[in-house]
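Here is the structure we will look at.
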Amino acid sequence: MAAGYGEMLRTRHAARLLTGTLVGRLPNATAALAIVLFVRAEGGSLALASALSAVYGVANAVGQPLLGRAVDLYGQPRVMLPSALLAALGMTVFAAVGLEPVALAYAAMVVSGFFTPPLEGGLRALWPSVLKSEERIHAAYSLDAIAQEVMYVVGPLIITGLVSLWSPAGSLFVINALGALGALAVVTSPPSREWRSAPREAHWLGALRSRGLLVLLGTFFFIGSALGSIAVSAVAYGEAHHDGNISGYMLSAVGVGAFIGGTVYGHRQWPGTPEQRLRLLVTGLAVCYLPLLLVPGPVLMTVFAGVAGVFLAPCLACAFVVVDRHALRGTVTEAFSWLVTSFGVGAAIGTAFAGPALQNVSLRAGFAVAVGCGVAALLVMLLARRALQAPATPSPIVARSEDEPAVARSENDRNGAVEPGFSAGHQA
């Protein structure tokens with residue numbers, strides 16, 4: 001039987017690491033909305049707001065894998081805490097100075113986006129050494145995926161609440177202060193301070209030398225594109241029905257569907273290897289996008305949006321396991337950070353493609369972009385299945401002898417060997 005979420009959270013340090021990571025990720029989860037609200041409050045145009053938000057997103061996409069590589073080389077506290085402070089400083093300067101001079105505003109977005117700490121990748125690198133059980137790790141990845149969906153639903157509500165209670169600038173101060181505190185809670189924990197990546201081969205491509213990881217990045221680029229197109233299409237659908245609240249209902253339904261799917265997925269162990277399971281989950285995701293093409297009335301459309309989200313959290317949770325199995329030696333944090341980047345860039349591209357489809361073709365065409373991206377994600381998984389074969393020794397837990405308990409082995413030591421000079425407790 002799979003360990004429940006309660007058992008996983010009762011494991012020493014687990015609740016602190018998960019909570020700290022979620023709070024630390026709040027600035028990134030709310031940046032798009034917070035930037036737009038602040039720019040509009042300062043009298044800036046929508047075009048300027050979009051441009052500043054885009055600069056933040058691009059800088060974040062570039063920074064995540066580079067900072068992830070630095071974490072693998074130098075450890076979590078030495079990279080994540082300074083980067084969290086620099087990211088918060090960049091957004092604080094933006095909130096304090098405003099839009100003039102505009103060059104400073106753009107520079108602040110570059111600094112804040114680029115130095116956003118890779119907390120997601122760092123947390124997933126820590127789970128094996130903290131939980132020391134495949135069942136608990138399975139539950140942790142599922143809960144992580146669920147929490148990610150909930151955060152992207154709750155985060156905008158927090159921003160709008162802070163704006164109404166204080167101001168757009170005040171919301172930027174509070175959210176980024178919370179983000180820095182969340183990162184501090186993570187990097188001062190014993191698991192984060194003690195964690196050491198396995199020795200790695202020096203190569204400029206780093207984690208990208210893994211063929212399996214490249215398959216995952218291609219797959220989740222298209223999954224991110226599907227989500228980005230659904231977000232824009234939901235807004236257009238609401239406008240077509242003269243009710244702006246409908247888009248909120250639809251996007252919340254996607255989150256609710258992901259929550260239900262992730263909860264069911266995480267409550268038990270499933271047969272087959274994670275690679276086989278991920279192919280099935282991506283198939284389910286692609287199929288569940290199809291009903292959106294019917295574009296029915298608001299109530300049924302909201303239900304279909306919920307159906308479209310059911311396989312999202314399970315896909316993410318399973319992908320986390322697969323990334324850990326295919327990341328090359330000493331590159332696990334960087335590998336997870338590349339997944340975050342691929343997903344985020346895909347979402348931006350999906351948004352860009354859905355807009356012209358909605359404007360120049362039809363409402364159904366916008367949702368067709370999501371369906372096409374879902375099919376493309378499935379095709380990547382099917383056509384590149386040989387590159388994503390299960391590794392020879394997939395378990396992240398290894399018992400050194402019959403008389404010794406199982407311990408978490410190095411994140412990509414596929415032979416289960418304990419390295420000279422590294423204690424088991426210092427391996428991811």
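Chains: A, B, ... in order of the structure tokens. Residues: from 1 per chain. Ligands: from 1, in order shown.
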
Item to check | Residue neighbourhood region 381-390 of chain A, 6 Å, only C-alpha atoms, exclusion window fewer than 2 positions, as a ChimeraX atom specification | outcome: /A:211-212,378-379

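Put simply, CA of Asp324 (chain A) is 7.9 Å away from CA of Ala125 (chain A).
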
Checklist entry - What lies within 7 Å of region 37-53 of chain A using only C-alpha atoms, ignoring chain neighbours under 5 positions off, as a PyMOL selection string? => result chain A and resi 32+106+109+168-169

Item to check | Surrounding residues of region 309-321 of chain A excluding itself and chain neighbours under 4 positions, 9 Å, only C-alpha atoms, as a PyMOL selection string | outcome: chain A and resi 124+137-146+148-149+216+220+223+253-266+274-275+277-279+281-282+284-286+288-289+304-305+325-326+336+339

Checklist entry - When DSSP works through the backbone of this structure, what residues of region 282-407 of chain A end up as alpha helix (DSSP H), shown as number ranges by chain? => result A: 282-289, 298-309, 312-326, 332-360, 363-383

Checklist entry - Residues at most 8 Å from Arg193 (chain A), counting only C-alpha atoms, excluding those fewer than 6 positions away in the same chain, as a VMD selection string? => result chain A and resid 75 to 77 187

Export, as a PDB file, in the first residue's frame, the selected residues with C-alpha atoms.
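This went into selection34.pdb:
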```pdb
ATOM      1  CA  GLY A  75      24.984  23.315  -2.755  1.00  0.00           C
ATOM      2  CA  GLN A  76      21.578  24.812  -1.996  1.00  0.00           C
ATOM      3  CA  PRO A  77      22.224  27.502   0.666  1.00  0.00           C
ATOM      4  CA  VAL A 187      17.973  26.544   2.953  1.00  0.00           C
TER       5      VAL A 187
END
```

Checklist entry - For the atom pair CA of Gly346 (chain A) and CA of Ala365 (chain A), what is the interatomic distance in Å to one decimal place? => result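 Going from CA of Gly346 (chain A) over to CA of Ala365 (chain A), I get 18.1 Å.
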
Next on the checklist: So that I can see what lies close to Ile159 (chain A), please list as a list in words the residues with an atom at most 8 Å from it, counting only C-alpha atoms and leaving out residues fewer than 4 positions away in the same chain.
Outcome noted: Thr30, Leu33, Ala34, Gly155, Val163, Ser171 and Ile175 of chain A

Item to check | Exercise: region 242-251 of chain A partners within 9 Å, only C-alpha atoms, chain neighbours under 4 positions left out, as a list in words | outcome: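 Non-adjacent residues within range: Val153, Ile230, Ala231, Val232, Ser233, Ala234, Val235, Ala236, Tyr237, Gly238, Gly255, Val256, Pro298, Met301, Thr302, Val303, Phe304, Ala305 and Gly306 of chain A.
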
Now that the selection is made, can you save its residues with all heavy atoms as a compact mmCIF listing (two decimals), in the first residue's frame?
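Final output, saved to result.txt:
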```txt
# COMPACT_ATOMS: atom_id res chain seq x y z
N VAL A 153 -3.80 28.78 -8.30
CA VAL A 153 -5.18 29.25 -8.14
C VAL A 153 -5.27 30.25 -7.00
O VAL A 153 -5.91 31.30 -7.10
CB VAL A 153 -6.14 28.06 -7.90
CG1 VAL A 153 -7.53 28.56 -7.56
CG2 VAL A 153 -6.20 27.16 -9.13
N ILE A 230 -5.34 27.31 -23.32
CA ILE A 230 -6.62 27.20 -22.62
C ILE A 230 -6.90 28.46 -21.82
O ILE A 230 -8.04 28.95 -21.77
CB ILE A 230 -6.62 25.95 -21.70
CG1 ILE A 230 -6.71 24.68 -22.55
CG2 ILE A 230 -7.79 26.00 -20.72
CD1 ILE A 230 -6.59 23.40 -21.75
N ALA A 231 -5.87 29.03 -21.20
CA ALA A 231 -6.05 30.24 -20.40
C ALA A 231 -6.58 31.39 -21.25
O ALA A 231 -7.54 32.08 -20.88
CB ALA A 231 -4.73 30.62 -19.73
N VAL A 232 -5.97 31.59 -22.42
CA VAL A 232 -6.42 32.67 -23.31
C VAL A 232 -7.80 32.36 -23.88
O VAL A 232 -8.67 33.24 -23.95
CB VAL A 232 -5.40 32.88 -24.45
CG1 VAL A 232 -5.91 33.93 -25.43
CG2 VAL A 232 -4.06 33.29 -23.89
N SER A 233 -8.01 31.12 -24.27
CA SER A 233 -9.29 30.74 -24.86
C SER A 233 -10.43 30.86 -23.85
O SER A 233 -11.56 31.20 -24.22
CB SER A 233 -9.23 29.30 -25.39
OG SER A 233 -8.23 29.18 -26.39
N ALA A 234 -10.14 30.60 -22.58
CA ALA A 234 -11.16 30.74 -21.55
C ALA A 234 -11.59 32.20 -21.41
O ALA A 234 -12.79 32.49 -21.23
CB ALA A 234 -10.63 30.22 -20.21
N VAL A 235 -10.64 33.12 -21.50
CA VAL A 235 -10.98 34.54 -21.45
C VAL A 235 -11.87 34.92 -22.64
O VAL A 235 -12.88 35.61 -22.49
CB VAL A 235 -9.71 35.40 -21.43
CG1 VAL A 235 -10.06 36.88 -21.55
CG2 VAL A 235 -8.92 35.14 -20.15
N ALA A 236 -11.49 34.45 -23.83
CA ALA A 236 -12.29 34.73 -25.03
C ALA A 236 -13.68 34.12 -24.92
O ALA A 236 -14.68 34.72 -25.34
CB ALA A 236 -11.57 34.19 -26.26
N TYR A 237 -13.77 32.92 -24.34
CA TYR A 237 -15.07 32.27 -24.16
C TYR A 237 -15.96 33.10 -23.24
O TYR A 237 -17.16 33.30 -23.49
CB TYR A 237 -14.86 30.87 -23.59
CG TYR A 237 -16.14 30.08 -23.38
CD1 TYR A 237 -16.65 29.28 -24.40
CD2 TYR A 237 -16.82 30.14 -22.18
CE1 TYR A 237 -17.82 28.56 -24.23
CE2 TYR A 237 -18.00 29.43 -21.99
CZ TYR A 237 -18.50 28.64 -23.01
OH TYR A 237 -19.66 27.92 -22.84
N GLY A 238 -15.36 33.61 -22.14
CA GLY A 238 -16.13 34.44 -21.22
C GLY A 238 -16.62 35.72 -21.89
O GLY A 238 -17.77 36.13 -21.69
N GLY A 255 -7.92 23.59 -12.23
CA GLY A 255 -7.20 23.34 -10.99
C GLY A 255 -7.88 22.29 -10.12
O GLY A 255 -7.22 21.44 -9.53
N VAL A 256 -9.22 22.34 -10.06
CA VAL A 256 -9.95 21.35 -9.28
C VAL A 256 -9.78 19.96 -9.88
O VAL A 256 -9.57 18.97 -9.17
CB VAL A 256 -11.45 21.72 -9.21
CG1 VAL A 256 -12.27 20.58 -8.59
CG2 VAL A 256 -11.64 22.99 -8.39
N PRO A 298 -21.91 27.51 -20.85
CA PRO A 298 -20.94 27.76 -19.78
C PRO A 298 -20.86 26.65 -18.72
O PRO A 298 -19.76 26.30 -18.29
CB PRO A 298 -21.44 29.07 -19.15
CG PRO A 298 -22.14 29.76 -20.27
CD PRO A 298 -22.79 28.67 -21.07
N MET A 301 -19.23 23.63 -20.30
CA MET A 301 -17.86 23.97 -20.67
C MET A 301 -16.96 24.00 -19.43
O MET A 301 -15.79 23.59 -19.49
CB MET A 301 -17.83 25.34 -21.36
CG MET A 301 -16.52 25.64 -22.06
SD MET A 301 -16.19 24.49 -23.41
CE MET A 301 -14.67 25.15 -24.06
N THR A 302 -17.49 24.45 -18.31
CA THR A 302 -16.72 24.44 -17.06
C THR A 302 -16.43 23.01 -16.62
O THR A 302 -15.33 22.71 -16.14
CB THR A 302 -17.49 25.19 -15.96
OG1 THR A 302 -17.73 26.54 -16.38
CG2 THR A 302 -16.70 25.21 -14.66
N VAL A 303 -17.41 22.13 -16.81
CA VAL A 303 -17.20 20.71 -16.50
C VAL A 303 -16.09 20.14 -17.39
O VAL A 303 -15.20 19.41 -16.93
CB VAL A 303 -18.49 19.90 -16.67
CG1 VAL A 303 -18.22 18.40 -16.53
CG2 VAL A 303 -19.53 20.35 -15.65
N PHE A 304 -16.13 20.47 -18.67
CA PHE A 304 -15.12 19.98 -19.61
C PHE A 304 -13.73 20.51 -19.23
O PHE A 304 -12.72 19.82 -19.41
CB PHE A 304 -15.46 20.37 -21.04
CG PHE A 304 -16.60 19.58 -21.63
CD1 PHE A 304 -17.23 20.02 -22.79
CD2 PHE A 304 -17.03 18.41 -21.05
CE1 PHE A 304 -18.27 19.30 -23.35
CE2 PHE A 304 -18.08 17.67 -21.59
CZ PHE A 304 -18.69 18.12 -22.74
N ALA A 305 -13.68 21.75 -18.73
CA ALA A 305 -12.40 22.30 -18.29
C ALA A 305 -11.85 21.50 -17.11
O ALA A 305 -10.65 21.24 -17.02
CB ALA A 305 -12.56 23.77 -17.90
N GLY A 306 -12.76 21.10 -16.21
CA GLY A 306 -12.33 20.25 -15.10
C GLY A 306 -11.81 18.91 -15.58
O GLY A 306 -10.79 18.40 -15.09
```

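Between CA of Gly272 (chain A) and CA of Val375 (chain A) the interatomic distance comes to 22.7 Å.
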